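Data file: input36.txt. Format and content: compact mmCIF, N, CA and C atoms and all ligand atoms.
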# COMPACT_ATOMS: atom_id res chain seq x y z
N MET A 272 101.78 83.56 106.25
CA MET A 272 102.76 84.35 105.52
C MET A 272 103.25 85.48 106.42
N ALA A 273 104.53 85.65 106.51
CA ALA A 273 105.09 86.66 107.40
C ALA A 273 105.21 87.99 106.68
N VAL A 274 105.13 89.06 107.47
CA VAL A 274 105.32 90.39 106.92
C VAL A 274 106.51 91.02 107.62
N HIS A 275 107.16 91.91 106.93
CA HIS A 275 108.30 92.62 107.50
C HIS A 275 107.90 94.08 107.66
N VAL A 276 107.97 94.58 108.86
CA VAL A 276 107.66 95.98 109.12
C VAL A 276 108.86 96.61 109.81
N ILE A 277 109.07 97.88 109.50
CA ILE A 277 110.17 98.61 110.11
C ILE A 277 109.63 99.41 111.28
N CYS A 278 110.28 99.30 112.39
CA CYS A 278 109.86 100.02 113.58
C CYS A 278 109.91 101.52 113.29
N PRO A 279 108.82 102.25 113.54
CA PRO A 279 108.79 103.69 113.23
C PRO A 279 109.63 104.52 114.18
N SER A 280 110.12 103.95 115.22
CA SER A 280 110.96 104.72 116.13
C SER A 280 112.29 105.07 115.46
N LEU A 281 112.60 106.37 115.43
CA LEU A 281 113.81 106.80 114.73
C LEU A 281 115.06 106.27 115.40
N ARG A 282 114.96 105.89 116.64
CA ARG A 282 116.13 105.37 117.33
C ARG A 282 116.21 103.86 117.27
N CYS A 283 115.27 103.28 116.59
CA CYS A 283 115.24 101.82 116.53
C CYS A 283 115.38 101.36 115.08
N ARG A 284 114.31 101.55 114.32
CA ARG A 284 114.31 101.23 112.89
C ARG A 284 114.66 99.78 112.63
N LYS A 285 114.30 98.94 113.56
CA LYS A 285 114.57 97.52 113.36
C LYS A 285 113.51 96.93 112.43
N ILE A 286 113.91 95.94 111.69
CA ILE A 286 112.96 95.23 110.84
C ILE A 286 112.38 94.09 111.65
N LEU A 287 111.07 94.13 111.78
CA LEU A 287 110.39 93.12 112.58
C LEU A 287 109.66 92.15 111.66
N THR A 288 109.85 90.90 111.90
CA THR A 288 109.15 89.89 111.13
C THR A 288 107.96 89.41 111.96
N MET A 289 106.78 89.61 111.40
CA MET A 289 105.57 89.27 112.14
C MET A 289 104.64 88.46 111.25
N ASP A 290 103.65 87.90 111.91
CA ASP A 290 102.69 87.12 111.15
C ASP A 290 101.79 88.06 110.35
N ASP A 291 101.23 87.54 109.28
CA ASP A 291 100.46 88.37 108.36
C ASP A 291 99.20 88.94 109.00
N ASN A 292 98.71 88.29 110.04
CA ASN A 292 97.43 88.73 110.62
C ASN A 292 97.60 89.92 111.56
N VAL A 293 98.81 90.49 111.66
CA VAL A 293 98.99 91.66 112.52
C VAL A 293 98.68 92.94 111.76
N ARG A 294 98.40 92.82 110.46
CA ARG A 294 98.13 94.01 109.66
C ARG A 294 96.87 94.72 110.17
N GLY A 295 96.99 96.05 110.33
CA GLY A 295 95.88 96.83 110.82
C GLY A 295 95.72 96.78 112.32
N THR A 296 96.65 96.15 113.01
CA THR A 296 96.55 96.06 114.46
C THR A 296 97.76 96.71 115.11
N LEU A 297 97.65 96.94 116.40
CA LEU A 297 98.76 97.50 117.16
C LEU A 297 99.71 96.39 117.55
N VAL A 298 100.98 96.64 117.31
CA VAL A 298 101.99 95.67 117.70
C VAL A 298 103.03 96.39 118.57
N THR A 299 103.81 95.62 119.25
CA THR A 299 104.85 96.18 120.11
C THR A 299 106.21 95.74 119.60
N CYS A 300 107.08 96.71 119.38
CA CYS A 300 108.42 96.39 118.93
C CYS A 300 109.15 95.62 120.03
N ARG A 301 109.77 94.55 119.65
CA ARG A 301 110.44 93.73 120.64
C ARG A 301 111.77 94.33 121.08
N TYR A 302 112.24 95.32 120.32
CA TYR A 302 113.53 95.92 120.64
C TYR A 302 113.41 97.15 121.53
N CYS A 303 112.42 98.02 121.20
CA CYS A 303 112.30 99.26 121.94
C CYS A 303 110.94 99.36 122.66
N SER A 304 110.11 98.38 122.53
CA SER A 304 108.82 98.32 123.21
C SER A 304 107.87 99.43 122.75
N MET A 305 108.13 99.97 121.57
CA MET A 305 107.23 100.99 121.05
C MET A 305 106.02 100.32 120.40
N GLN A 306 104.86 100.91 120.67
CA GLN A 306 103.65 100.39 120.06
C GLN A 306 103.34 101.18 118.80
N PHE A 307 103.02 100.48 117.74
CA PHE A 307 102.65 101.15 116.50
C PHE A 307 101.70 100.26 115.72
N ARG A 308 101.01 100.90 114.79
CA ARG A 308 100.02 100.16 114.01
C ARG A 308 100.64 99.72 112.69
N VAL A 309 100.44 98.46 112.41
CA VAL A 309 100.94 97.93 111.14
C VAL A 309 99.95 98.32 110.05
N PRO A 310 100.42 98.94 108.98
CA PRO A 310 99.50 99.37 107.92
C PRO A 310 98.81 98.18 107.27
N ALA A 311 97.56 98.41 106.91
CA ALA A 311 96.80 97.36 106.24
C ALA A 311 97.32 97.19 104.82
N PRO A 312 97.16 96.01 104.28
CA PRO A 312 97.64 95.79 102.92
C PRO A 312 96.83 96.56 101.91
N ARG A 313 97.51 96.95 100.86
CA ARG A 313 96.81 97.65 99.79
C ARG A 313 96.03 96.65 98.95
N LYS A 314 95.05 97.22 98.24
CA LYS A 314 94.29 96.34 97.36
C LYS A 314 95.14 95.91 96.18
N ALA A 315 94.89 94.75 95.74
CA ALA A 315 95.65 94.23 94.61
C ALA A 315 95.33 95.06 93.37
N PRO A 316 96.32 95.32 92.56
CA PRO A 316 96.08 96.10 91.34
C PRO A 316 95.18 95.32 90.38
N PRO A 317 94.42 96.05 89.57
CA PRO A 317 93.55 95.37 88.60
C PRO A 317 94.37 94.60 87.59
N PRO A 318 93.77 93.58 87.02
CA PRO A 318 94.51 92.73 86.06
C PRO A 318 95.04 93.52 84.88
N SER A 319 94.37 94.64 84.55
CA SER A 319 94.81 95.41 83.39
C SER A 319 96.13 96.11 83.65
N ALA A 320 96.52 96.14 84.93
CA ALA A 320 97.76 96.83 85.27
C ALA A 320 98.98 95.95 85.03
N THR A 321 98.74 94.73 84.65
CA THR A 321 99.87 93.85 84.41
C THR A 321 100.67 94.35 83.20
N VAL A 322 101.92 94.11 83.26
CA VAL A 322 102.80 94.61 82.22
C VAL A 322 102.56 93.81 80.93
N ARG A 323 102.25 94.57 79.90
CA ARG A 323 102.07 93.90 78.61
C ARG A 323 103.42 93.63 77.97
N GLN A 324 103.40 92.66 77.12
CA GLN A 324 104.63 92.37 76.40
C GLN A 324 104.79 93.39 75.28
N ALA A 325 105.87 94.10 75.33
CA ALA A 325 106.09 95.14 74.34
C ALA A 325 106.26 94.54 72.96
N PRO A 326 105.62 95.17 71.96
CA PRO A 326 105.78 94.65 70.59
C PRO A 326 107.23 94.83 70.11
N SER A 327 107.65 93.90 69.37
CA SER A 327 109.03 93.97 68.88
C SER A 327 109.16 95.13 67.91
N THR A 328 110.19 95.85 68.04
CA THR A 328 110.40 97.01 67.17
C THR A 328 110.94 96.55 65.83
N ASN A 329 110.38 97.17 64.81
CA ASN A 329 110.85 96.84 63.45
C ASN A 329 111.64 98.02 62.90
N LEU A 330 112.85 98.06 63.31
CA LEU A 330 113.69 99.16 62.83
C LEU A 330 114.43 98.71 61.57
N LYS A 331 114.19 99.47 60.52
CA LYS A 331 114.90 99.16 59.28
C LYS A 331 116.25 99.85 59.27
N VAL A 332 117.21 99.11 58.92
CA VAL A 332 118.53 99.70 58.88
C VAL A 332 118.72 100.38 57.53
N ALA A 333 119.02 101.63 57.56
CA ALA A 333 119.22 102.38 56.33
C ALA A 333 120.43 101.86 55.59
N GLY A 334 120.27 101.83 54.30
CA GLY A 334 121.40 101.41 53.49
C GLY A 334 121.17 100.00 53.10
ZN ZN B 1 111.62 99.49 117.84

Once you've parsed the file, please lay out its structure as structure tokens.
Amino acid sequence: MAVHVICPSLRCRKILTMDDNVRGTLVTCRYCSMQFRVPAPRKAPPPSATVRQAPSTNLKVAG
């Protein structure tokens, strides 16, 4: 799975497509040759964080 990282160089800011296993490692931008560390992936949110289905509102129309 590929990841997209933005080059941190303010004069570059290119979007680099890299393999998923570069996370947490130093990579070199192919455009400006700047070395930077790709941030590690965040932990997956707990299952309880999934969006619940909102209950249907029972609005009575006056009149
Ligand atoms: Zn760059």

Could you make a table, as JSON lines, of the residues of chain A that have an atom within 12 Å of an atom of ligand ZN 1 (chain B), each with its nearest atom pair and distance in Å to one decimal, counting only C-alpha atoms and all ligand atoms, in chain and number order?
{"residue": "A:Val276", "atom": "CA", "partner": "B:ZN1", "partner_atom": "ZN", "distance": 10.2}
{"residue": "A:Ile277", "atom": "CA", "partner": "B:ZN1", "partner_atom": "ZN", "distance": 7.9}
{"residue": "A:Cys278", "atom": "CA", "partner": "B:ZN1", "partner_atom": "ZN", "distance": 4.6}
{"residue": "A:Pro279", "atom": "CA", "partner": "B:ZN1", "partner_atom": "ZN", "distance": 6.8}
{"residue": "A:Ser280", "atom": "CA", "partner": "B:ZN1", "partner_atom": "ZN", "distance": 5.5}
{"residue": "A:Leu281", "atom": "CA", "partner": "B:ZN1", "partner_atom": "ZN", "distance": 8.2}
{"residue": "A:Arg282", "atom": "CA", "partner": "B:ZN1", "partner_atom": "ZN", "distance": 7.4}
{"residue": "A:Cys283", "atom": "CA", "partner": "B:ZN1", "partner_atom": "ZN", "distance": 4.5}
{"residue": "A:Arg284", "atom": "CA", "partner": "B:ZN1", "partner_atom": "ZN", "distance": 5.9}
{"residue": "A:Lys285", "atom": "CA", "partner": "B:ZN1", "partner_atom": "ZN", "distance": 5.7}
{"residue": "A:Ile286", "atom": "CA", "partner": "B:ZN1", "partner_atom": "ZN", "distance": 8.3}
{"residue": "A:Leu287", "atom": "CA", "partner": "B:ZN1", "partner_atom": "ZN", "distance": 8.4}
{"residue": "A:Thr288", "atom": "CA", "partner": "B:ZN1", "partner_atom": "ZN", "distance": 12.0}
{"residue": "A:Val298", "atom": "CA", "partner": "B:ZN1", "partner_atom": "ZN", "distance": 10.4}
{"residue": "A:Thr299", "atom": "CA", "partner": "B:ZN1", "partner_atom": "ZN", "distance": 7.9}
{"residue": "A:Cys300", "atom": "CA", "partner": "B:ZN1", "partner_atom": "ZN", "distance": 4.6}
{"residue": "A:Arg301", "atom": "CA", "partner": "B:ZN1", "partner_atom": "ZN", "distance": 6.5}
{"residue": "A:Tyr302", "atom": "CA", "partner": "B:ZN1", "partner_atom": "ZN", "distance": 4.9}
{"residue": "A:Cys303", "atom": "CA", "partner": "B:ZN1", "partner_atom": "ZN", "distance": 4.2}
{"residue": "A:Ser304", "atom": "CA", "partner": "B:ZN1", "partner_atom": "ZN", "distance": 6.2}
{"residue": "A:Met305", "atom": "CA", "partner": "B:ZN1", "partner_atom": "ZN", "distance": 5.6}
{"residue": "A:Gln306", "atom": "CA", "partner": "B:ZN1", "partner_atom": "ZN", "distance": 8.3}
{"residue": "A:Phe307", "atom": "CA", "partner": "B:ZN1", "partner_atom": "ZN", "distance": 9.2}

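From atom CA of Pro318 of chain A back to atom CA of Met289 of chain A, the distance works out to 28.5 Å.
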
Worksheet item: Which neighbours of segment 292-297 of chain A fall inside 6 Å, counting all atoms listed in the file, when residues of the same chain fewer than 3 positions from it are skipped, and could you give them as a ChimeraX atom specification?
Response: /A:307-312

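Atom N of Pro316 of chain A sits 18.7 Å away from atom C of Val274 of chain A.
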
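The space separating atom N of Asn329 of chain A from atom C of Pro317 of chain A comes to 28.0 Å.
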
Hey, could you patch up segment 290-301 of chain A with all heavy atoms and hand it over as a tab-separated table (two decimals), keeping the file's coordinate frame?
chain	number	residue	atom	x	y	z
A	290	ASP	N	103.65	87.90	111.91
A	290	ASP	CA	102.69	87.12	111.15
A	290	ASP	C	101.79	88.06	110.35
A	290	ASP	O	101.62	89.22	110.69
A	290	ASP	CB	101.85	86.27	112.10
A	290	ASP	CG	101.23	85.09	111.37
A	290	ASP	OD1	101.98	84.19	110.98
A	290	ASP	OD2	100.00	85.11	111.17
A	291	ASP	N	101.23	87.54	109.28
A	291	ASP	CA	100.46	88.37	108.36
A	291	ASP	C	99.20	88.94	109.00
A	291	ASP	O	98.69	89.96	108.57
A	291	ASP	CB	100.09	87.54	107.14
A	291	ASP	CG	99.70	88.44	105.97
A	291	ASP	OD1	100.19	89.58	105.92
A	291	ASP	OD2	98.93	88.00	105.13
A	292	ASN	N	98.71	88.29	110.04
A	292	ASN	CA	97.43	88.73	110.62
A	292	ASN	C	97.60	89.92	111.56
A	292	ASN	O	96.63	90.34	112.19
A	292	ASN	CB	96.75	87.57	111.34
A	292	ASN	CG	97.64	86.98	112.42
A	292	ASN	OD1	98.64	87.59	112.82
A	292	ASN	ND2	97.32	85.81	112.89
A	293	VAL	N	98.81	90.49	111.66
A	293	VAL	CA	98.99	91.66	112.52
A	293	VAL	C	98.68	92.94	111.76
A	293	VAL	O	98.69	94.02	112.33
A	293	VAL	CB	100.42	91.74	113.08
A	293	VAL	CG1	100.75	90.50	113.88
A	293	VAL	CG2	101.43	91.97	111.98
A	294	ARG	N	98.40	92.82	110.46
A	294	ARG	CA	98.13	94.01	109.66
A	294	ARG	C	96.87	94.72	110.17
A	294	ARG	O	95.85	94.10	110.38
A	294	ARG	CB	97.95	93.65	108.20
A	294	ARG	CG	99.25	93.26	107.52
A	294	ARG	CD	99.02	92.98	106.06
A	294	ARG	NE	100.26	92.69	105.35
A	294	ARG	CZ	101.06	93.62	104.84
A	294	ARG	NH1	100.75	94.89	104.97
A	294	ARG	NH2	102.15	93.28	104.19
A	295	GLY	N	96.99	96.05	110.33
A	295	GLY	CA	95.88	96.83	110.82
A	295	GLY	C	95.72	96.78	112.32
A	295	GLY	O	94.76	97.33	112.85
A	296	THR	N	96.65	96.15	113.01
A	296	THR	CA	96.55	96.06	114.46
A	296	THR	C	97.76	96.71	115.11
A	296	THR	O	98.76	97.00	114.46
A	296	THR	CB	96.45	94.59	114.91
A	296	THR	OG1	97.69	93.95	114.60
A	296	THR	CG2	95.32	93.88	114.22
A	297	LEU	N	97.65	96.94	116.40
A	297	LEU	CA	98.76	97.50	117.16
A	297	LEU	C	99.71	96.39	117.55
A	297	LEU	O	99.31	95.34	118.02
A	297	LEU	CB	98.24	98.20	118.42
A	297	LEU	CG	97.68	99.61	118.22
A	297	LEU	CD1	97.11	100.12	119.54
A	297	LEU	CD2	98.75	100.55	117.73
A	298	VAL	N	100.98	96.64	117.31
A	298	VAL	CA	101.99	95.67	117.70
A	298	VAL	C	103.03	96.39	118.57
A	298	VAL	O	103.11	97.61	118.59
A	298	VAL	CB	102.67	95.04	116.48
A	298	VAL	CG1	101.67	94.25	115.66
A	298	VAL	CG2	103.35	96.09	115.63
A	299	THR	N	103.81	95.62	119.25
A	299	THR	CA	104.85	96.18	120.11
A	299	THR	C	106.21	95.74	119.60
A	299	THR	O	106.44	94.55	119.38
A	299	THR	CB	104.67	95.71	121.56
A	299	THR	OG1	103.37	96.06	122.00
A	299	THR	CG2	105.70	96.35	122.47
A	300	CYS	N	107.08	96.71	119.38
A	300	CYS	CA	108.42	96.39	118.93
A	300	CYS	C	109.15	95.62	120.03
A	300	CYS	O	109.13	96.03	121.19
A	300	CYS	CB	109.18	97.67	118.59
A	300	CYS	SG	110.90	97.38	118.14
A	301	ARG	N	109.77	94.55	119.65
A	301	ARG	CA	110.44	93.73	120.64
A	301	ARG	C	111.77	94.33	121.08
A	301	ARG	O	112.34	93.91	122.06
A	301	ARG	CB	110.66	92.32	120.07
A	301	ARG	CG	111.82	92.25	119.10
A	301	ARG	CD	112.02	90.88	118.56
A	301	ARG	NE	110.97	90.52	117.59
A	301	ARG	CZ	111.05	89.46	116.80
A	301	ARG	NH1	112.08	88.67	116.87
A	301	ARG	NH2	110.10	89.20	115.95
